[in-house]
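Here is the structure we will look at, set down as structure tokens.
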Amino acid sequence: MIVENSRLLTLLSEEQKADIGSLEKQFAHHLEYTIGKSKYTIKNEDIYKALGHTIRDFLIDRMNVTNERYRAEDPKQIYYFSLEFLMGRTLLNALINLGLYEVVKQMIDGFGFQIEEVLEFEMDAGLGNGGLGRLAACFLDSMATLNIPGFGYGIRYDYGIFNQIIANGSQVELPDHWDADGVPYEVIRGDISHSVGFYGYTETKISGKGKLEHYWIPGETVLASAHDCPIPGFNTSTVNYLRLWAAKSSEEFNLDYFNHGDYMKAVQDKSISENISKVLYPNDTTEQGKILRLKQQYFMVCASLQDILLHHRQTHASLEYLGEKVAIQLNDTHPSIGIAELMRVLLDVEDWEWDKAWALTTKIFSYTNHTVLPEALESWKVSLFEKLLPRHLEIIYEINHRFLNFARSTKKLSEAEISEVSIIQEGDEKRIRMANLAVIGSHKVNGVAALHSDLIIKTIFKSFHKIYPEKFNNKTNGITPRRWLIQSNPGLTSLIAKRIGSGFATDLYKLRDLEKFIDDADFRNDWARVKQQNKEILAKLIKSETGITIDPHSLIDVQIKRFHEYKRQLLNVLRVIALFRRIKENPDRHVTPRTVIFGGKAAPGYYMAKLIIKLISNVANIVNRDPDVRDRLKVVFLPNYRVSLAERIIPGTNLSEQISTAGTEASGTSNMKFMLNGALTIGTLDGANVEMLEEVGEENIYIFGLKTPEVFELKNRGYNPNEYLEKNEELKRVMYMIRENYFSPNEHGIFTPIYDSLVFNDNYLLFADFDAYDQMQNIVANDYLNQDLWNRKAIYNVARSGKFSTDRTIREYAEDIWKVPILPTLAPKTQYSFDEK
Ligand SMILES: *Cc1c(COP(=O)(O)O)cnc(C)c1O
């Protein structure tokens, strides 16, 4: 053994000493035998790996106990199907949820290392694009914390979302080999795998009973092999898991070549079939229609359903009561092929009658819609679909045929509306609309914020809503306060806990108790001190990541999210340029010092989004070097936005930019993260901003711009951006600077496409909202000068952020959609300590 003892054994209770004693022994064991280190060669990275293995042991113990309990009690199981899980880092979160943070910190200390440094070695698991994948991760945390038997199913991509670097101001994508050094907390289930078929053909035959039976004979088979990430709840002994499938070539697939002696071909094909789980599609809200993507979707769904049915049969004689024991939530349409797959299994394998199979399928599935943008709605060419999944196509045709009969029988739809609700989109190239399949095959369909849920029944699902009004419902998104407050903002966490206790960790509405301290000057001072500390930390991060020096007392103004035209990072830049111009015109005027920070990735094929990143970089270069500006304005682009970076930016933010065109952002969740960390919001009445306004009142949030009905009206009337440009001299000058290469002195013309897209189209109404945005920013700048006023508003925002916990969201899914009770908390011995770190 490397370690004889350490000082921490004298600091803890008898009961804890026993725990720690074994923790320390295990840790030393892993350091020596798993990592293979001797006393003299230990580095930070070794400590990280040994710690990972130690925590893994702990997690596995509790996961086994949890599984035993589920087996004995046989509760309904919830399966969250998602092609994306944006988990970020796991270790610190696990330490906090397990209540081991303090003891592990002391243990690492005892070894002469710093826990913060050690944890920096963990790579983010970036197996998602943005909000949709992060929502799935927050849901897992809340399900475990609420003791719901809730499990994630997804794909274990070898490469997650690309790493972004900025070269000469432009985004460059690098592969994200996140598991290169191993994933210490992961549990590889070598014994759990399922085979997944593709291609081939279908056959029918008449059975002995005279019934017509269908078969699918796949032409290719791939194995899905299970990799589990344990998911510990906070202050409970429940540990659920996220099961991710990795593609492995199957024996039967290669045997033929081996038999014919073509060894090289066999090995080649092996790696081709393993391509299925090679890489996450880096598209956010645009749909590409590539065959590999459909393969990924079916691969995930087919393996997961086999797994679920196998598990059910271990303790139940038949599938008769599957609907009472299983619920599956579809995170967007990406896994919606599961509806056809479950039908196939019930019809072709289990020999069920159609009506019975359909009743069970629709009882099990429910679907969450994440967007109203038409370019994001998935559809597959029938020709492509037919080759890959011929039997599923037959089943989809039959589902559609029966559904259209029903739809016509209601007499509520015109023939035009009937063709709208059909799963098949007719035309030169027939297509399968996955959203239609998802709506028809689910018993519940939800949007992700009140506005969004209202909008989908008036737009994309209007005709469905006429025939299925009771299917549609709202489930406003949330965030887990464990990661997005307790883990990421220890200073604010202990300040809050000192005043109102620690109950907010699992009942975020308790933050309301902070309201009574708003008039307490000592509390406001402490609040200001904590925020300032977080701003200094952020300033250091910006310095080390970009070399830019910012004023940590300036108004820290942040827009971090995927780059997309609808999110309107460009509106923010236009206003930055306007502010810059004002300073240049009148160099001595007073302006509130401001640091405008951007972060986010653009889809590699999204030309305009990438050009906007380039514009921001160039504006930053010019503004930050201009001697007239001095310290009054700084512009920063922080590269490689990801979960672990968000955790460091958000606590140090004063102003959160949530400025999408009204009616385009389904919910947003970064808006909630900022609110919970005491930033004020400047935003449109879009997504969950509407509900944030409801919670805090208009004096505590900076709402501006066109509302959703006004956006529709303006577009219907025929929007002409030039009308707005002509009325605003300043905006004209800003646009002139962009056109005349003020920000591209050595790259003439590069920003012409941005100029043209605004002047000739302006699809997202930037010009229409510019004036209102600018005026609201002036109010923000003025309010910030009154720090006391600002801090009161910030405290009030945190006090009113309780609604935006995913604990609330998950309770609503459990009650309205999944129909599962929430069991009382099973408190473990060790709990998280809220004392100052
Ligand atoms: C929360 C989060 C998002 C979602 O941000 P929105 O502003 O709601 O689009 C995207 N990416 C990461 C890394 C996040 O943590």
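Identifiers in this document derive from the order of the structure tokens: chains are assigned A, B, ..., residues are numbered from 1 separately in each chain, and ligands are numbered from 1 in order of occurrence.
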
**Message:** How would you report the residues lying within 6 Å of ligand 1, as an MDAnalysis selection string, if you count only C-alpha atoms and all ligand atoms?
**Reply:** chainID A and resid 130:131 134 561 642:643 646 668:670

**Message:** If we count only C-alpha atoms and set the cut-off at 6 Å, which residues sit around region 152-164 of chain A, ignoring sequence neighbours fewer than 3 positions away in its own chain? Please answer as a ChimeraX atom specification.
**Reply:** /A:79-83,126-127,172-177,242-246,277-280,282,640

With N, CA, C and O atoms retained, could you export that selection as a compact mmCIF listing (two decimals), in the first residue's frame?
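As a result, selection-v3.txt now contains:
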# COMPACT_ATOMS: atom_id res chain seq x y z
N TYR A 79 -38.11 5.07 -19.41
CA TYR A 79 -36.93 5.05 -20.29
C TYR A 79 -36.92 6.31 -21.13
O TYR A 79 -37.87 6.58 -21.87
N TYR A 80 -35.85 7.08 -21.00
CA TYR A 80 -35.73 8.33 -21.75
C TYR A 80 -34.87 8.06 -22.97
O TYR A 80 -33.66 7.83 -22.85
N PHE A 81 -35.51 8.03 -24.14
CA PHE A 81 -34.81 7.73 -25.40
C PHE A 81 -34.30 9.04 -26.01
O PHE A 81 -35.10 9.94 -26.31
N SER A 82 -32.99 9.11 -26.23
CA SER A 82 -32.46 10.35 -26.79
C SER A 82 -31.19 10.03 -27.57
O SER A 82 -30.35 9.26 -27.12
N LEU A 83 -31.07 10.63 -28.75
CA LEU A 83 -29.83 10.46 -29.52
C LEU A 83 -28.72 11.32 -28.94
O LEU A 83 -27.57 11.25 -29.41
N GLY A 126 -19.30 15.13 -24.35
CA GLY A 126 -20.11 16.06 -25.16
C GLY A 126 -20.94 15.31 -26.17
O GLY A 126 -20.85 15.58 -27.37
N LEU A 127 -21.76 14.39 -25.69
CA LEU A 127 -22.52 13.53 -26.61
C LEU A 127 -23.85 14.17 -26.99
O LEU A 127 -24.89 13.51 -27.02
N VAL A 172 -12.76 26.57 -36.54
CA VAL A 172 -12.19 25.36 -37.13
C VAL A 172 -12.61 24.20 -36.24
O VAL A 172 -12.56 24.32 -35.02
N GLU A 173 -13.06 23.10 -36.85
CA GLU A 173 -13.54 21.97 -36.08
C GLU A 173 -12.45 20.91 -35.93
O GLU A 173 -11.82 20.52 -36.91
N LEU A 174 -12.23 20.45 -34.71
CA LEU A 174 -11.29 19.36 -34.45
C LEU A 174 -12.06 18.20 -33.82
O LEU A 174 -13.03 18.42 -33.08
N PRO A 175 -11.63 16.96 -34.10
CA PRO A 175 -12.35 15.82 -33.54
C PRO A 175 -12.27 15.79 -32.01
O PRO A 175 -11.25 16.16 -31.42
N ASP A 176 -13.35 15.35 -31.39
CA ASP A 176 -13.44 15.28 -29.94
C ASP A 176 -13.30 13.82 -29.51
O ASP A 176 -14.28 13.11 -29.34
N HIS A 177 -12.06 13.39 -29.33
CA HIS A 177 -11.81 12.00 -28.93
C HIS A 177 -11.90 11.92 -27.41
O HIS A 177 -10.90 11.69 -26.72
N LEU A 242 -27.42 5.57 -17.18
CA LEU A 242 -27.60 5.92 -18.59
C LEU A 242 -26.92 4.82 -19.38
O LEU A 242 -25.72 4.57 -19.20
N ARG A 243 -27.68 4.11 -20.20
CA ARG A 243 -27.09 3.01 -20.98
C ARG A 243 -26.84 3.47 -22.41
O ARG A 243 -27.78 3.86 -23.12
N LEU A 244 -25.59 3.47 -22.80
CA LEU A 244 -25.20 3.91 -24.14
C LEU A 244 -24.73 2.71 -24.95
O LEU A 244 -23.97 1.87 -24.45
N TRP A 245 -25.16 2.64 -26.20
CA TRP A 245 -24.82 1.51 -27.06
C TRP A 245 -23.65 1.84 -27.97
O TRP A 245 -23.65 2.89 -28.63
N ALA A 246 -22.68 0.95 -28.00
CA ALA A 246 -21.57 1.08 -28.96
C ALA A 246 -21.74 -0.01 -30.02
O ALA A 246 -22.12 -1.14 -29.69
N SER A 277 -21.61 3.99 -34.51
CA SER A 277 -21.51 4.82 -33.29
C SER A 277 -20.24 5.66 -33.27
O SER A 277 -19.78 6.09 -32.22
N LYS A 278 -19.69 5.91 -34.45
CA LYS A 278 -18.41 6.63 -34.52
C LYS A 278 -18.55 8.09 -34.08
O LYS A 278 -17.76 8.59 -33.29
N VAL A 279 -19.56 8.79 -34.60
CA VAL A 279 -19.56 10.24 -34.38
C VAL A 279 -20.98 10.81 -34.26
O VAL A 279 -21.90 10.37 -34.96
N LEU A 280 -21.12 11.76 -33.35
CA LEU A 280 -22.37 12.51 -33.19
C LEU A 280 -22.55 13.44 -34.39
O LEU A 280 -21.60 14.11 -34.80
N PRO A 282 -23.16 16.78 -35.85
CA PRO A 282 -23.01 18.08 -35.20
C PRO A 282 -24.03 19.12 -35.64
O PRO A 282 -23.74 20.30 -35.71
N ASN A 640 -14.78 27.11 -27.94
CA ASN A 640 -15.14 25.76 -27.47
C ASN A 640 -16.13 25.76 -26.32
O ASN A 640 -15.91 25.11 -25.29

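Taking only C-alpha atoms, the non-local environment of Pro824 (chain A) within 12 Å (same-chain residues fewer than 2 positions away omitted) comprises Ala144, Thr145, Leu146, Asn147, Ile148, Asn235, Thr236, Ser237, Thr238, Pro821, Ile822, Leu826 and Ala827 of chain A.
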
Same residues, N, CA and C atoms, saved as a JSON list (two decimals), in the first residue's frame:
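After the write, part_26.json holds the following:
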[["chain", "number", "residue", "atom", "x", "y", "z"],
["A", 144, "ALA", "N", -33.15, 10.51, -10.75],
["A", 144, "ALA", "CA", -32.45, 9.79, -9.68],
["A", 144, "ALA", "C", -32.71, 10.47, -8.34],
["A", 145, "THR", "N", -32.68, 11.79, -8.31],
["A", 145, "THR", "CA", -32.89, 12.52, -7.06],
["A", 145, "THR", "C", -34.30, 12.31, -6.53],
["A", 146, "LEU", "N", -35.28, 12.16, -7.43],
["A", 146, "LEU", "CA", -36.67, 11.93, -7.02],
["A", 146, "LEU", "C", -36.97, 10.43, -6.84],
["A", 147, "ASN", "N", -35.94, 9.60, -6.90],
["A", 147, "ASN", "CA", -36.10, 8.14, -6.74],
["A", 147, "ASN", "C", -37.06, 7.52, -7.73],
["A", 148, "ILE", "N", -37.10, 8.09, -8.93],
["A", 148, "ILE", "CA", -37.89, 7.50, -10.01],
["A", 148, "ILE", "C", -37.00, 6.48, -10.72],
["A", 235, "ASN", "N", -28.39, 13.32, -2.34],
["A", 235, "ASN", "CA", -28.83, 12.98, -0.99],
["A", 235, "ASN", "C", -29.86, 11.86, -0.96],
["A", 236, "THR", "N", -29.64, 10.86, -1.78],
["A", 236, "THR", "CA", -30.48, 9.67, -1.77],
["A", 236, "THR", "C", -29.56, 8.52, -2.12],
["A", 237, "SER", "N", -29.94, 7.31, -1.74],
["A", 237, "SER", "CA", -29.06, 6.20, -2.10],
["A", 237, "SER", "C", -29.35, 5.69, -3.52],
["A", 238, "THR", "N", -30.35, 6.26, -4.18],
["A", 238, "THR", "CA", -30.69, 5.82, -5.55],
["A", 238, "THR", "C", -29.56, 6.13, -6.53],
["A", 821, "PRO", "N", -45.75, 7.11, -9.37],
["A", 821, "PRO", "CA", -45.68, 7.84, -8.11],
["A", 821, "PRO", "C", -44.23, 8.22, -7.81],
["A", 822, "ILE", "N", -44.03, 9.26, -7.01],
["A", 822, "ILE", "CA", -42.68, 9.62, -6.58],
["A", 822, "ILE", "C", -42.50, 9.13, -5.15],
["A", 826, "LEU", "N", -34.75, 8.36, 0.04],
["A", 826, "LEU", "CA", -34.04, 7.34, 0.79],
["A", 826, "LEU", "C", -32.69, 7.94, 1.16],
["A", 827, "ALA", "N", -32.66, 8.57, 2.33],
["A", 827, "ALA", "CA", -31.47, 9.32, 2.69],
["A", 827, "ALA", "C", -30.31, 8.40, 3.06]]

**Asked** Separation of CA of Glu429 (chain A) and CA of Lys387 (chain A), in Å?
**Response**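 These atoms are spaced 14.8 Å apart.
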
**Message:** With only C-alpha atoms as the counted atoms, please give the residues lying no more than 10 Å from Ala768 (chain A), apart from itself and same-chain residues fewer than 5 positions off, as a list in words.
**Reply:** Gly705, Leu706, Val711, Leu714, Tyr719, Asn720, Pro721, Asn722, Glu723, Tyr724, Leu725, Asp762 and Tyr773 of chain A

Output of the above residues as a PDB file, in the first residue's frame, restricted to C-alpha atoms:
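The result, stored in part_27.pdb:
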ATOM      1  CA  GLY A 705     -39.175  43.721 -28.967  1.00  0.00           C
ATOM      2  CA  LEU A 706     -41.940  42.223 -31.048  1.00  0.00           C
ATOM      3  CA  VAL A 711     -43.975  38.735 -35.643  1.00  0.00           C
ATOM      4  CA  LEU A 714     -45.477  41.604 -39.738  1.00  0.00           C
ATOM      5  CA  TYR A 719     -41.785  42.578 -43.934  1.00  0.00           C
ATOM      6  CA  ASN A 720     -39.456  45.083 -45.548  1.00  0.00           C
ATOM      7  CA  PRO A 721     -36.214  45.507 -43.549  1.00  0.00           C
ATOM      8  CA  ASN A 722     -35.380  48.699 -45.463  1.00  0.00           C
ATOM      9  CA  GLU A 723     -38.327  50.514 -43.934  1.00  0.00           C
ATOM     10  CA  TYR A 724     -36.692  50.065 -40.542  1.00  0.00           C
ATOM     11  CA  LEU A 725     -33.202  50.804 -41.809  1.00  0.00           C
ATOM     12  CA  ASP A 762     -33.760  39.727 -42.525  1.00  0.00           C
ATOM     13  CA  TYR A 773     -33.129  46.281 -28.110  1.00  0.00           C
TER      14      TYR A 773
END

**Message:** Neighbouring residues of Gly600 (chain A) were defined as those with any atom within 6 Å, considering only C-alpha atoms; residues of the same chain fewer than 6 positions away were excluded. Please report them as an MDAnalysis selection string.
**Reply:** chainID A and resid 560:563 641

**Message:** Can you pull out every residue from region 243-477 of chain A that DSSP, working from the backbone, puts in helix (DSSP H, G or I), and format the result as number ranges by chain?
**Reply:** A: 251-259, 263-277, 291-315, 322-325, 337-349, 354-364, 374-376, 382-388, 390-409, 415-421, 434-440, 450-456, 462-467, 469-471

**Message:** When you look at Glu341 (chain A) with a cut-off of 8 Å (counting only C-alpha atoms), what residues show up, excluding the ones that are within fewer than 5 positions of it in the same chain? I need them as a list in words.
**Reply:**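 Here the answer would be Val301, Cys302 and His392 of chain A.
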